[in-house]
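Asks: So that you have it, the file is protein.txt, and it contains compact mmCIF, C-alpha atoms:
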# COMPACT_ATOMS: atom_id res chain seq x y z
CA MET A 233 -47.94 43.86 -71.74
CA ARG A 234 -45.07 42.62 -73.89
CA ASP A 235 -42.03 40.76 -72.59
CA SER A 236 -38.87 41.57 -74.57
CA GLY A 237 -36.11 39.42 -73.10
CA THR A 238 -35.91 40.36 -69.42
CA VAL A 239 -37.62 43.75 -69.85
CA THR A 240 -41.42 43.92 -69.52
CA GLU A 241 -42.92 46.54 -71.82
CA PHE A 242 -45.99 48.70 -71.21
CA ASP A 243 -47.62 51.57 -73.01
CA ALA A 244 -47.49 53.64 -69.82
CA ILE A 245 -45.84 53.36 -66.42
CA ILE A 246 -47.03 55.49 -63.50
CA VAL A 247 -44.39 55.97 -60.81
CA GLY A 248 -46.07 56.85 -57.52
CA SER A 249 -49.18 55.44 -55.84
CA GLY A 250 -50.52 58.53 -54.12
CA ILE A 251 -53.83 60.08 -55.09
CA ALA A 252 -52.43 61.60 -58.31
CA GLY A 253 -50.98 58.31 -59.55
CA LEU A 254 -54.01 56.27 -58.51
CA GLY A 255 -56.36 58.87 -59.99
CA CYS A 256 -54.46 58.66 -63.27
CA ALA A 257 -54.63 54.86 -63.22
CA ARG A 258 -58.34 54.81 -62.45
CA LYS A 259 -59.08 57.19 -65.31
CA LEU A 260 -56.94 55.12 -67.69
CA HIS A 261 -58.93 52.03 -66.73
CA ASP A 262 -62.25 53.82 -67.08
CA LEU A 263 -61.27 55.01 -70.57
CA GLY A 264 -60.28 51.50 -71.66
CA PHE A 265 -56.49 51.97 -71.61
CA CYS A 266 -55.32 48.61 -70.26
CA ASN A 267 -51.60 48.23 -70.85
CA PHE A 268 -50.17 50.22 -67.93
CA LEU A 269 -48.37 49.58 -64.64
CA VAL A 270 -48.42 51.57 -61.39
CA ILE A 271 -45.29 51.33 -59.23
CA GLY A 272 -45.32 52.79 -55.73
CA ASP A 273 -44.15 51.89 -52.25
CA GLU A 274 -47.13 53.26 -50.28
CA LEU A 275 -50.67 52.97 -51.60
CA GLY A 276 -52.58 56.17 -50.93
CA GLY A 277 -49.40 58.21 -50.52
CA ARG A 278 -49.87 60.92 -47.91
CA ILE A 279 -53.30 59.70 -46.82
CA PRO A 280 -52.20 57.03 -44.30
CA VAL A 281 -54.46 55.78 -41.51
CA SER A 282 -54.00 54.33 -38.03
CA THR A 283 -53.54 50.58 -37.69
CA ASP A 284 -57.20 50.17 -36.70
CA GLY A 285 -58.30 52.22 -39.74
CA GLN A 286 -60.25 54.72 -37.61
CA VAL A 287 -58.03 57.81 -37.77
CA ASN A 288 -56.51 59.62 -40.77
CA TYR A 289 -52.91 60.61 -40.21
CA GLY A 290 -52.38 62.67 -43.36
CA ALA A 291 -55.08 64.64 -45.13
CA PHE A 292 -57.57 65.64 -42.45
CA TYR A 293 -60.62 66.91 -44.30
CA VAL A 294 -62.44 67.04 -47.62
CA ARG A 295 -64.79 69.75 -48.84
CA SER A 296 -68.08 69.22 -50.63
CA ASP A 297 -66.54 70.71 -53.81
CA TYR A 298 -64.07 67.79 -54.16
CA ARG A 299 -66.31 66.24 -56.81
CA ASN A 300 -63.68 63.86 -58.27
CA PHE A 301 -62.34 62.55 -54.97
CA LEU A 302 -65.65 62.32 -53.06
CA PRO A 303 -66.81 59.08 -54.78
CA TYR A 304 -63.93 57.32 -53.00
CA VAL A 305 -64.55 58.51 -49.44
CA THR A 306 -67.10 58.02 -46.67
CA LEU A 307 -67.96 61.35 -45.07
CA LYS A 308 -67.79 61.47 -41.29
CA ARG A 309 -68.17 64.41 -38.90
CA ARG A 310 -68.91 67.76 -40.49
CA ILE A 311 -66.43 70.36 -39.27
CA SER A 312 -68.22 73.51 -38.19
CA THR A 313 -66.41 76.79 -37.59
CA ALA A 314 -68.10 76.80 -34.18
CA ASP A 315 -66.13 73.62 -33.37
CA VAL A 316 -62.77 75.27 -34.03
CA VAL A 317 -61.12 77.08 -31.12
CA VAL A 318 -58.28 79.51 -31.80
CA MET A 319 -55.75 79.62 -28.98
CA PRO A 320 -54.57 81.16 -26.74
CA ASN A 321 -57.68 83.31 -26.22
CA GLY A 322 -60.21 80.58 -26.95
CA HIS A 323 -61.99 82.43 -29.77
CA ARG A 324 -64.27 80.42 -32.06
CA LEU A 325 -63.28 80.45 -35.71
CA ASN A 326 -66.73 81.73 -36.68
CA GLY A 327 -65.80 85.05 -35.11
CA ASN A 328 -68.87 85.41 -32.90
CA GLN A 329 -66.69 86.79 -30.12
CA ILE A 330 -65.54 89.75 -32.23
CA PRO A 331 -67.57 92.78 -31.04
CA ASN A 332 -66.18 95.54 -33.26
CA TRP A 333 -68.67 96.47 -36.01
CA ARG A 334 -65.80 97.39 -38.36
CA THR A 335 -64.49 93.83 -38.06
CA TRP A 336 -67.94 92.49 -38.94
CA TRP A 337 -67.92 94.64 -42.08
CA GLN A 338 -64.48 93.32 -42.98
CA ARG A 339 -65.75 89.81 -42.42
CA LEU A 340 -68.72 90.30 -44.76
CA ARG A 341 -66.46 91.75 -47.43
CA PHE A 342 -64.10 88.77 -47.10
CA TRP A 343 -67.07 86.37 -47.37
CA TRP A 344 -68.00 88.02 -50.67
CA PHE A 345 -64.42 87.71 -51.91
CA LEU A 346 -64.26 84.02 -50.89
CA ARG A 347 -67.43 83.21 -52.77
CA ARG A 348 -66.04 84.83 -55.92
CA PHE A 349 -62.77 82.98 -55.42
CA ALA A 350 -64.58 79.65 -54.88
CA ARG A 351 -66.45 80.01 -58.20
CA ARG A 352 -63.33 80.86 -60.16
CA TYR A 353 -61.29 78.13 -58.44
CA GLN A 354 -63.94 75.54 -59.31
CA ASP A 355 -63.93 76.73 -62.93
CA PHE A 356 -60.14 76.30 -62.91
CA ARG A 357 -60.54 72.72 -61.71
CA ILE A 358 -63.09 71.91 -64.40
CA ARG A 359 -60.72 73.30 -67.07
CA SER A 360 -57.85 71.28 -65.55
CA GLU A 361 -59.66 68.05 -66.36
CA ARG A 362 -59.16 68.83 -70.08
CA MET A 363 -56.00 70.94 -70.11
CA SER A 364 -52.88 71.26 -67.99
CA GLN A 365 -53.07 73.21 -64.74
CA LYS A 366 -50.64 75.74 -66.21
CA LYS A 367 -52.88 76.44 -69.21
CA ALA A 368 -56.00 76.36 -67.02
CA MET A 369 -54.48 78.98 -64.72
CA ASP A 370 -53.36 81.13 -67.64
CA ALA A 371 -56.98 81.16 -68.83
CA ASP A 372 -58.04 83.19 -65.76
CA PRO A 373 -55.72 86.20 -65.23
CA TRP A 374 -57.55 87.21 -62.02
CA LEU A 375 -57.00 83.81 -60.42
CA LYS A 376 -53.44 83.59 -61.74
CA SER A 377 -52.59 86.96 -60.18
CA LEU A 378 -53.85 85.76 -56.80
CA PHE A 379 -51.61 82.69 -56.91
CA ARG A 380 -48.64 84.95 -57.61
CA GLU A 381 -49.10 87.88 -55.22
CA PRO A 382 -48.14 87.70 -51.51
CA ALA A 383 -51.04 87.02 -49.17
CA ARG A 384 -50.20 90.16 -47.19
CA ASP A 385 -51.17 92.22 -50.24
CA LEU A 386 -54.66 90.71 -50.19
CA VAL A 387 -54.95 91.17 -46.43
CA GLY A 388 -54.11 94.85 -46.85
CA ARG A 389 -56.39 95.32 -49.84
CA LEU A 390 -59.37 93.85 -47.98
CA ASN A 391 -58.37 95.62 -44.76
CA LEU A 392 -58.64 92.39 -42.77
CA GLY A 393 -56.37 93.73 -40.07
CA ALA A 394 -56.34 92.11 -36.63
CA TRP A 395 -58.89 89.47 -37.66
CA THR A 396 -56.14 87.90 -39.77
CA GLU A 397 -53.80 87.45 -36.81
CA THR A 398 -56.45 86.18 -34.40
CA HIS A 399 -58.41 83.90 -36.75
CA LEU A 400 -57.28 83.58 -40.36
CA GLU A 401 -53.53 83.03 -39.97
CA PRO A 402 -54.01 80.09 -37.55
CA LEU A 403 -56.42 78.60 -40.12
CA VAL A 404 -53.83 78.96 -42.89
CA CYS A 405 -51.07 77.51 -40.70
CA SER A 406 -53.15 74.50 -39.73
CA THR A 407 -53.92 73.79 -43.39
CA ALA A 408 -50.69 74.65 -45.21
CA PHE A 409 -48.18 74.50 -42.31
CA ARG A 410 -47.02 77.95 -43.45
CA ARG A 411 -47.39 81.48 -42.12
CA ILE A 412 -49.28 84.02 -44.18
CA ASP A 413 -46.01 85.71 -45.14
CA GLU A 414 -44.98 82.44 -46.81
CA VAL A 415 -48.03 81.87 -49.03
CA SER A 416 -49.73 83.57 -51.95
CA SER A 417 -53.13 85.24 -51.88
CA GLY A 418 -54.49 82.26 -53.80
CA TYR A 419 -53.36 79.75 -51.18
CA PHE A 420 -54.53 82.03 -48.41
CA ALA A 421 -58.00 82.09 -49.96
CA ALA A 422 -57.97 78.33 -50.65
CA CYS A 423 -57.11 77.61 -47.01
CA CYS A 424 -60.06 79.77 -45.94
CA LEU A 425 -62.65 78.03 -48.13
CA PRO A 426 -63.86 75.81 -45.23
CA LEU A 427 -65.37 79.01 -43.85
CA ILE A 428 -67.99 78.97 -46.64
CA ILE A 429 -67.96 75.40 -48.08
CA PRO A 430 -69.16 72.34 -46.10
CA THR A 431 -66.11 70.47 -44.82
CA TYR A 432 -65.90 66.95 -43.39
CA GLU A 433 -63.60 64.43 -41.84
CA PHE A 434 -63.52 61.35 -44.02
CA GLU A 435 -62.60 57.72 -44.45
CA PHE A 436 -60.66 57.00 -47.63
CA GLN A 437 -62.10 54.02 -49.57
CA LEU A 438 -58.81 52.95 -51.14
CA GLU A 439 -60.07 49.54 -52.25
CA LYS A 440 -62.98 51.13 -54.13
CA LEU A 441 -60.55 53.32 -56.07
CA ILE A 442 -58.01 50.65 -57.01
CA SER A 443 -60.05 47.46 -57.32
CA PRO A 444 -60.59 47.72 -61.12
CA PHE A 445 -56.84 47.91 -61.81
CA PHE A 446 -55.53 46.03 -58.78
CA SER A 447 -53.58 43.58 -60.95
CA ARG A 448 -51.59 46.47 -62.44
CA LEU A 449 -50.14 47.62 -59.10
CA LEU A 450 -46.57 46.85 -58.11
CA ARG A 451 -45.62 47.83 -54.57
CA GLN A 452 -41.95 48.69 -54.88
CA THR A 453 -39.69 51.73 -54.89
CA VAL A 454 -38.36 53.03 -58.20
CA THR A 455 -34.63 53.68 -58.02
CA MET A 456 -33.94 54.91 -61.56
CA VAL A 457 -35.63 56.06 -64.73
CA GLU A 458 -33.82 56.78 -67.98
CA ALA A 459 -34.57 57.32 -71.62
CA SER A 460 -34.58 54.06 -73.53
CA ALA A 461 -31.37 53.30 -75.40
CA ILE A 462 -33.34 51.45 -78.07
CA GLY A 463 -35.87 53.76 -79.68
CA SER A 464 -38.31 56.08 -77.95
CA GLY A 465 -39.63 55.46 -74.47
CA TRP A 466 -38.42 55.03 -70.92
CA MET A 467 -36.73 52.40 -68.78
CA VAL A 468 -37.74 52.07 -65.13
CA THR A 469 -35.74 50.10 -62.53
CA THR A 470 -37.05 49.14 -59.08
CA GLU A 471 -35.28 48.38 -55.81
CA SER A 472 -35.62 44.65 -56.50
CA GLY A 473 -33.69 45.02 -59.75
CA GLU A 474 -36.68 44.54 -62.02
CA THR A 475 -36.65 46.62 -65.19
CA PHE A 476 -39.69 47.77 -67.16
CA SER A 477 -40.03 49.88 -70.27
CA ALA A 478 -42.84 52.08 -71.53
CA ARG A 479 -43.59 54.51 -74.32
CA ASN A 480 -44.96 56.93 -71.72
CA LEU A 481 -43.74 57.66 -68.21
CA VAL A 482 -45.91 59.45 -65.63
CA LEU A 483 -44.12 60.69 -62.51
CA ALA A 484 -46.61 61.02 -59.67
CA THR A 485 -43.95 61.50 -57.01
CA PRO A 486 -43.22 64.39 -54.62
CA MET A 487 -41.10 66.99 -56.37
CA ASN A 488 -38.01 66.19 -54.30
CA VAL A 489 -38.23 62.59 -55.53
CA THR A 490 -39.05 63.64 -59.09
CA ARG A 491 -35.87 65.73 -59.19
CA THR A 492 -33.78 62.66 -58.33
CA LEU A 493 -35.32 60.74 -61.22
CA VAL A 494 -35.36 63.31 -64.05
CA ALA A 495 -33.89 66.73 -64.71
CA ILE A 496 -36.22 69.65 -63.90
CA THR A 497 -34.74 72.93 -65.12
CA GLU A 498 -37.47 75.29 -63.89
CA ASP A 499 -37.85 76.64 -60.37
CA THR A 500 -40.25 74.57 -58.27
CA ASN A 501 -42.20 75.34 -55.14
CA PRO A 502 -40.40 74.98 -51.80
CA PRO A 503 -41.30 72.11 -49.46
CA SER A 504 -42.76 72.34 -45.98
CA SER A 505 -42.58 69.62 -43.36
CA ALA A 506 -44.76 68.68 -40.41
CA TYR A 507 -44.95 66.20 -37.55
CA MET A 508 -47.94 64.40 -36.07
CA VAL A 509 -48.34 62.55 -32.78
CA HIS A 510 -51.33 60.27 -32.15
CA VAL A 511 -51.99 60.21 -28.40
CA ARG A 512 -54.29 58.52 -25.92
CA GLY A 513 -54.51 60.15 -22.50
CA THR A 514 -56.10 62.69 -20.17
CA LEU A 515 -56.05 66.21 -21.53
CA ARG A 516 -55.57 69.27 -19.37
CA PRO A 517 -58.88 71.03 -18.60
CA LYS A 518 -58.74 73.78 -21.24
CA PHE A 519 -58.23 71.20 -24.01
CA ARG A 520 -60.89 68.70 -22.92
CA GLU A 521 -63.67 70.25 -24.94
CA ARG A 522 -64.39 68.06 -27.96
CA SER A 523 -63.14 70.57 -30.49
CA ILE A 524 -60.36 71.34 -32.91
CA PHE A 525 -57.75 73.68 -31.43
CA MET A 526 -55.54 75.85 -33.64
CA PHE A 527 -52.47 77.67 -32.36
CA PRO A 528 -50.91 81.02 -33.31
CA ALA A 529 -48.40 81.00 -36.16
CA THR A 530 -45.69 82.04 -33.70
CA GLU A 531 -45.94 78.73 -31.82
CA SER A 532 -44.34 75.41 -32.69
CA GLU A 533 -47.60 73.48 -32.46
CA ILE A 534 -50.11 73.74 -35.29
CA GLY A 535 -53.29 72.04 -34.15
CA LEU A 536 -54.88 69.59 -31.73
CA VAL A 537 -57.80 67.44 -32.89
CA HIS A 538 -60.20 65.32 -30.86
CA GLU A 539 -61.03 62.05 -32.63
CA ALA A 540 -64.25 60.08 -32.32
CA ASN A 541 -62.45 57.15 -30.65
CA GLU A 542 -61.35 59.38 -27.71
CA THR A 543 -57.79 59.78 -29.00
CA VAL A 544 -56.08 63.03 -29.99
CA LEU A 545 -53.92 64.13 -32.92
CA LEU A 546 -51.31 66.82 -32.29
CA TYR A 547 -49.71 68.46 -35.36
CA SER A 548 -46.45 70.29 -34.85
CA ARG A 549 -43.44 71.82 -36.59
CA ARG A 550 -41.08 69.92 -34.31
CA ALA A 551 -40.36 66.23 -33.89
CA SER A 552 -40.87 66.07 -30.13
CA PRO A 553 -43.53 68.50 -28.93
CA ASP A 554 -43.97 68.90 -25.17
CA LEU A 555 -47.00 66.64 -24.67
CA SER A 556 -47.16 67.47 -20.96
CA ARG A 557 -48.32 70.94 -21.97
CA TYR A 558 -51.55 69.40 -23.25
CA PHE A 559 -51.92 66.13 -21.30
CA GLU A 560 -51.93 65.25 -17.62
CA ASN A 561 -50.98 61.71 -18.59
CA TYR A 562 -50.61 60.14 -22.02
CA GLU A 563 -49.56 57.21 -24.18
CA VAL A 564 -48.14 57.77 -27.67
CA ILE A 565 -49.89 55.55 -30.20
CA ALA A 566 -47.96 56.62 -33.31
CA ARG A 567 -45.76 59.33 -34.76
CA ARG A 568 -45.55 60.49 -38.37
CA HIS A 569 -43.19 62.88 -40.12
CA TRP A 570 -43.91 64.34 -43.54
CA ASP A 571 -40.83 65.81 -45.15
CA PRO A 572 -42.04 67.17 -47.41
CA ALA A 573 -45.68 67.54 -46.45
CA PHE A 574 -46.53 70.08 -49.17
CA PHE A 575 -44.97 72.07 -51.98
CA ILE A 576 -46.53 75.52 -51.86
CA GLY A 577 -45.45 78.55 -53.84
CA THR A 578 -46.05 80.52 -57.02
CA GLU A 579 -44.54 78.14 -59.58
CA ILE A 580 -46.75 76.05 -61.88
CA LEU A 581 -45.09 73.49 -64.15
CA GLU A 582 -46.40 72.17 -67.44
CA ALA A 583 -47.48 68.53 -67.08
CA ASP A 584 -46.39 67.38 -70.56
CA ARG A 585 -42.58 67.43 -70.57
CA GLY A 586 -42.24 65.98 -74.08
CA ASP A 587 -40.90 62.61 -75.21
CA GLY A 588 -43.70 60.78 -73.41
CA LEU A 589 -42.84 62.19 -69.96
CA TYR A 590 -45.55 63.67 -67.71
CA LEU A 591 -45.53 65.19 -64.21
CA ILE A 592 -48.60 65.00 -61.98
CA GLY A 593 -49.29 65.58 -58.29
CA ASP A 594 -49.80 68.44 -55.86
CA HIS A 595 -46.60 70.34 -56.66
CA ASN A 596 -48.54 72.98 -58.65
CA VAL A 597 -51.77 73.48 -56.71
CA CYS A 598 -51.82 71.70 -53.39
CA SER A 599 -54.90 69.68 -52.46
CA ILE A 600 -56.16 66.10 -52.77
CA GLU A 601 -58.67 67.16 -55.42
CA ASP A 602 -56.17 69.08 -57.53
CA ALA A 603 -53.67 66.22 -57.36
CA MET A 604 -56.31 63.76 -58.53
CA ILE A 605 -57.41 66.04 -61.36
CA SER A 606 -53.80 66.37 -62.57
CA GLY A 607 -53.67 62.59 -62.91
CA MET A 608 -57.02 62.43 -64.70
CA TYR A 609 -55.87 65.03 -67.22
CA VAL A 610 -52.73 63.09 -68.12
CA ALA A 611 -54.78 59.90 -68.44
CA ARG A 612 -56.85 61.65 -71.10
CA CYS A 613 -53.63 62.75 -72.84
CA LEU A 614 -52.37 59.16 -72.93
CA CYS A 615 -55.64 57.84 -74.28
CA ALA A 616 -55.76 60.51 -76.99
CA ALA A 617 -52.20 59.64 -78.07
CA ASP A 618 -53.05 55.93 -77.97
CA GLN A 619 -56.00 56.44 -80.31
CA GLU A 620 -53.78 58.28 -82.77
CA SER A 621 -51.32 55.33 -82.93
CA PRO A 622 -53.18 52.29 -81.58
CA GLY A 623 -50.82 49.47 -82.60
CA GLU A 624 -51.05 46.13 -80.82
CA ARG A 625 -52.49 46.16 -77.28
CA PRO A 626 -52.03 42.77 -75.61
CA ALA A 627 -53.86 42.04 -72.37
CA GLN A 628 -52.13 42.93 -69.12
CA SER A 629 -50.96 39.93 -67.11
CA HIS A 630 -48.72 41.29 -64.39
CA THR A 631 -48.86 39.28 -61.18
CA PRO A 632 -51.31 41.05 -58.82
CA LEU A 633 -50.50 42.09 -55.29
CA ALA A 634 -51.66 39.95 -52.43
CA ALA A 635 -54.57 41.32 -50.42
CA ALA A 636 -52.23 41.76 -47.45
CA ASP A 637 -50.31 44.36 -49.41
CA LEU A 638 -53.19 46.81 -48.99
CA GLY A 639 -52.00 47.84 -45.52
CA ASP A 640 -50.93 51.36 -44.72
Written as C-alpha cells, how would this file's structure read?
Replies:
Amino acid sequence: MRDSGTVTEFDAIIVGSGIAGLGCARKLHDLGFCNFLVIGDELGGRIPVSTDGQVNYGAFYVRSDYRNFLPYVTLKRRISTADVVVMPNGHRLNGNQIPNWRTWWQRLRFWWFLRRFARRYQDFRIRSERMSQKKAMDADPWLKSLFREPARDLVGRLNLGAWTETHLEPLVCSTAFRRIDEVSSGYFAACCLPLIIPTYEFEFQLEKLISPFFSRLLRQTVTMVEASAIGSGWMVTTESGETFSARNLVLATPMNVTRTLVAITEDTNPPSSAYMVHVRGTLRPKFRERSIFMFPATESEIGLVHEANETVLLYSRRASPDLSRYFENYEVIARRHWDPAFFIGTEILEADRGDGLYLIGDHNVCSIEDAMISGMYVARCLCAADQESPGERPAQSHTPLAAADLGD
C-alpha cells in the first residue's frame, strides 16, 4: 500500500465481497500478491444465513463437483431425488410414479445426455481457471451451442414430453427462478445436474475463506469508480468519502451495479428476482412430510423446504405469499428479497475489459462455483501482469475489520 496525499494506492482493488470477489482475493493471497483491497458491503454476497447461523437464505445447495468452493463449506444433509415432491400431484422427482415405458426410455436417454453434459461442463470449468469463460466456452462448440439455443429445442430433440412439465420444469424453476421458455438448453441441463450428481445442503465457512486476507477487507459501499486523471489506473470512492486508487480494478458486483459504475456496451443477461420467507409454525397436513416441495411453473410459489431446526423456507415470485395456504398457524422469522437474484441468458462477456479493468461474477454462467472460478482466473491474470512489471511492493497495512463485522 502507498499513501499519496489523501489517496491510498493499491496494485488492485476488488469491488464486491460476494463469492467471486472473495475467491479472487483468496487466490491473490495464495499466489503471493499482497497489495490489494476488497471493498464490499455484505461479506458472502448472496449467501446470507439466519441470525442463528443454522439456515442458508441464499444459495441452497452445493454439488460434489464444486471442487473450488467445497473446501470452504461443511456438507450437511444430502438431497435425494426421493426427498423432492413435485406438487400438486405429489410425484417424487425420481420419477418412480411414472408408469409409461416410453417415459422410462426418455428418462434413460436424458440421463445419458446429462452425463455427457456434466463431463463437458466440468472441462469448461477447468479451462476457465486458466482462460476467460468466454474463451473457455468458445473452445467447446457443442457446449456453446447448448448455452445459446432455447431449452424447448432440447426438450423436443430428446422427446422429453410430459415428463418436462410434471418433473423437470419445476426443478428448473426452483433452481433458476425461470420457466423453461426463459432459459437456454445449457441452463436447463445445468439445473438438472442434481439428478445425477450428489447434492447437499451446506454451511458456508466464510471465516476459513477470508482469514488469510482479513486485514485487506473494507466493509463499505462503493459509490463511484473512474479512470485516474493522473496516469493509468482507477480511482474508487466509497460512501464514507474515502478515495483509493489502483492500477487494476476488479468489479465483482451484480451486473446492474456494474453498469452504474462503468460503461458496458454489450448486451447482458436479464435479471430475475425472488422472495424468501423463513417461517416457524404448523404446516397443513399435505406439507408436513419432511421433504422439499416444488411447485408448477404456473404458480407464484417456487419451493417449500423443511429445515433441520423444524423451520420452513418458502421461496416465491411475490413479496407476500399467502402463508395460510401452507400453514395452520405461523410466525415469520425473516424475509429476504433478491432483486436481482440471478442473471441468466445467452450472453457471455469477456472478463478483461482493458486498461486494468476486469469483470467477474455469475453474470456469464450462473452458479457459486462458476462465480468463484471467474475470480480465480482474474487473480492469475493480475499475478502474471505483476510479474511482468514487479516494481515496488510495500506491505499492506490497511486497518482490519473488527470481528463483529463478520455478521450477515
Asks: I'd like the contact shell of range 611-619 of chain A - 9 Å cut-off, all atoms listed in the file, skipping same-chain residues fewer than 6 positions apart - returned as a list in words.
Replies: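 Residues meeting the cut-off are Asp243, Ala244, Gly255, Cys256, Ala257, Arg258, Lys259, Leu260, Leu263, Gly264, Phe265, Glu361, Arg362, Met363, Asn480, Asp584 and Gly588 of chain A.
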Asks: Atoms to include: C-alpha atoms. Write the selected residues as a PDB file, in the frame of the given file.
Replies:
ATOM      1  CA  ASP A 243     -47.620  51.570 -73.010  1.00  0.00           C
ATOM      2  CA  ALA A 244     -47.490  53.640 -69.820  1.00  0.00           C
ATOM      3  CA  GLY A 255     -56.360  58.870 -59.990  1.00  0.00           C
ATOM      4  CA  CYS A 256     -54.460  58.660 -63.270  1.00  0.00           C
ATOM      5  CA  ALA A 257     -54.630  54.860 -63.220  1.00  0.00           C
ATOM      6  CA  ARG A 258     -58.340  54.810 -62.450  1.00  0.00           C
ATOM      7  CA  LYS A 259     -59.080  57.190 -65.310  1.00  0.00           C
ATOM      8  CA  LEU A 260     -56.940  55.120 -67.690  1.00  0.00           C
ATOM      9  CA  LEU A 263     -61.270  55.010 -70.570  1.00  0.00           C
ATOM     10  CA  GLY A 264     -60.280  51.500 -71.660  1.00  0.00           C
ATOM     11  CA  PHE A 265     -56.490  51.970 -71.610  1.00  0.00           C
ATOM     12  CA  GLU A 361     -59.660  68.050 -66.360  1.00  0.00           C
ATOM     13  CA  ARG A 362     -59.160  68.830 -70.080  1.00  0.00           C
ATOM     14  CA  MET A 363     -56.000  70.940 -70.110  1.00  0.00           C
ATOM     15  CA  ASN A 480     -44.960  56.930 -71.720  1.00  0.00           C
ATOM     16  CA  ASP A 584     -46.390  67.380 -70.560  1.00  0.00           C
ATOM     17  CA  GLY A 588     -43.700  60.780 -73.410  1.00  0.00           C
TER      18      GLY A 588
END
Asks: Excluding Ile534 in chain A and any residue of its chain fewer than 2 positions from it, enumerate the residues within 9 Å of it, using only C-alpha atoms, and give them as a CSV table (one decimal) with C-alpha atoms, in the coordinates of the input.
Replies:
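What landed in part-v4.csv:
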chain,number,residue,atom,x,y,z
A,402,PRO,CA,-54.0,80.1,-37.6
A,405,CYS,CA,-51.1,77.5,-40.7
A,406,SER,CA,-53.2,74.5,-39.7
A,407,THR,CA,-53.9,73.8,-43.4
A,409,PHE,CA,-48.2,74.5,-42.3
A,506,ALA,CA,-44.8,68.7,-40.4
A,525,PHE,CA,-57.8,73.7,-31.4
A,526,MET,CA,-55.5,75.8,-33.6
A,527,PHE,CA,-52.5,77.7,-32.4
A,528,PRO,CA,-50.9,81.0,-33.3
A,529,ALA,CA,-48.4,81.0,-36.2
A,531,GLU,CA,-45.9,78.7,-31.8
A,532,SER,CA,-44.3,75.4,-32.7
A,536,LEU,CA,-54.9,69.6,-31.7
A,546,LEU,CA,-51.3,66.8,-32.3
A,547,TYR,CA,-49.7,68.5,-35.4
A,548,SER,CA,-46.4,70.3,-34.8
A,549,ARG,CA,-43.4,71.8,-36.6
Asks: State, in Å with one decimal place, the distance from CA of Asp372 in chain A to CA of Ser417 in chain A.
Replies: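 Pair CA of Asp372 in chain A / CA of Ser417 in chain A returns 14.9 Å.
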Asks: Leaving out range 246-249 of chain A and any residue of its chain fewer than 3 positions from it, which residues lie within 10 Å of it when counting all atoms listed in the file, given as an MDAnalysis selection string?
Replies: chainID A and resid 252:257 268:278 449:454 457 468 478 480:486 489:490 590:593 607
Asks: One number please: CA of Pro373 in chain A to CA of Leu403 in chain A, in Å, one decimal.
Replies: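 Separation of CA of Pro373 in chain A and CA of Leu403 in chain A: 26.2 Å.
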Asks: Could you tell me how far CA of Phe446 in chain A sits from CA of Ser360 in chain A, in Å to one decimal place?
Replies: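 Separating CA of Ser360 in chain A from CA of Phe446 in chain A is a distance of 26.2 Å.
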Asks: Kindly indicate which residue among A:Arg411, A:Arg389, A:Arg324, A:Arg359 lies nearest to Cys423 in chain A, using only C-alpha atoms for the distances.
Replies: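 Using only C-alpha atoms, the shortest distance to Cys423 in chain A belongs to A:Arg411.
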Asks: Find the residue from A:Asp554, A:Ala371, A:Glu433, A:Phe342 that sits nearest to Leu390 in chain A; use all atoms listed in the file when measuring.
Replies: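 Once distances to Leu390 in chain A are computed over all atoms listed in the file, the minimum belongs to A:Phe342.
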Asks: Write out as a list in words the residues lying within 10 Å of Phe420 in chain A, counting all atoms listed in the file and excluding same-chain residues fewer than 3 positions away.
Replies: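 Non-adjacent residues within range: Leu378, Phe379, Pro382, Ala383, Arg384, Leu386, Val387, Leu400, Glu401, Leu403, Val404, Cys405, Thr407, Ala408, Arg410, Arg411, Ile412, Asp413, Glu414, Val415, Ser416, Ser417, Cys423, Cys424 and Leu425 of chain A.
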Asks: (-52.1, 60.2, -30.2) in this file's frame - what residues fall within 10 Å of it? Use only C-alpha atoms and give the answer as a PyMOL selection string.
Replies: chain A and resi 282+287+508-513+536-539+542-546+555+562-567
Asks: For a quick check of understanding, using all atoms listed in the file, which of A:Asp262, A:Asp370, A:Asp594, A:Asp571 has the smallest distance to Ser443 in chain A?
Replies: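 Smallest distance to Ser443 in chain A is found for A:Asp262.
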Asks: With a distance cut-off of 8 Å and all atoms listed in the file, select the neighbouring residues of range 426-428 of chain A, excluding the residue or stretch itself and same-chain residues fewer than 4 positions from it, and output the selection as a PyMOL selection string.
Replies: chain A and resi 295+313+326+343+346-347
Asks: Using all atoms listed in the file, which of the listed residues (A:Pro320, A:Gly577, A:Gly465, A:Pro444) sits closest to Glu381 in chain A?
Replies: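 So, comparing all the options, the nearest one is A:Gly577.
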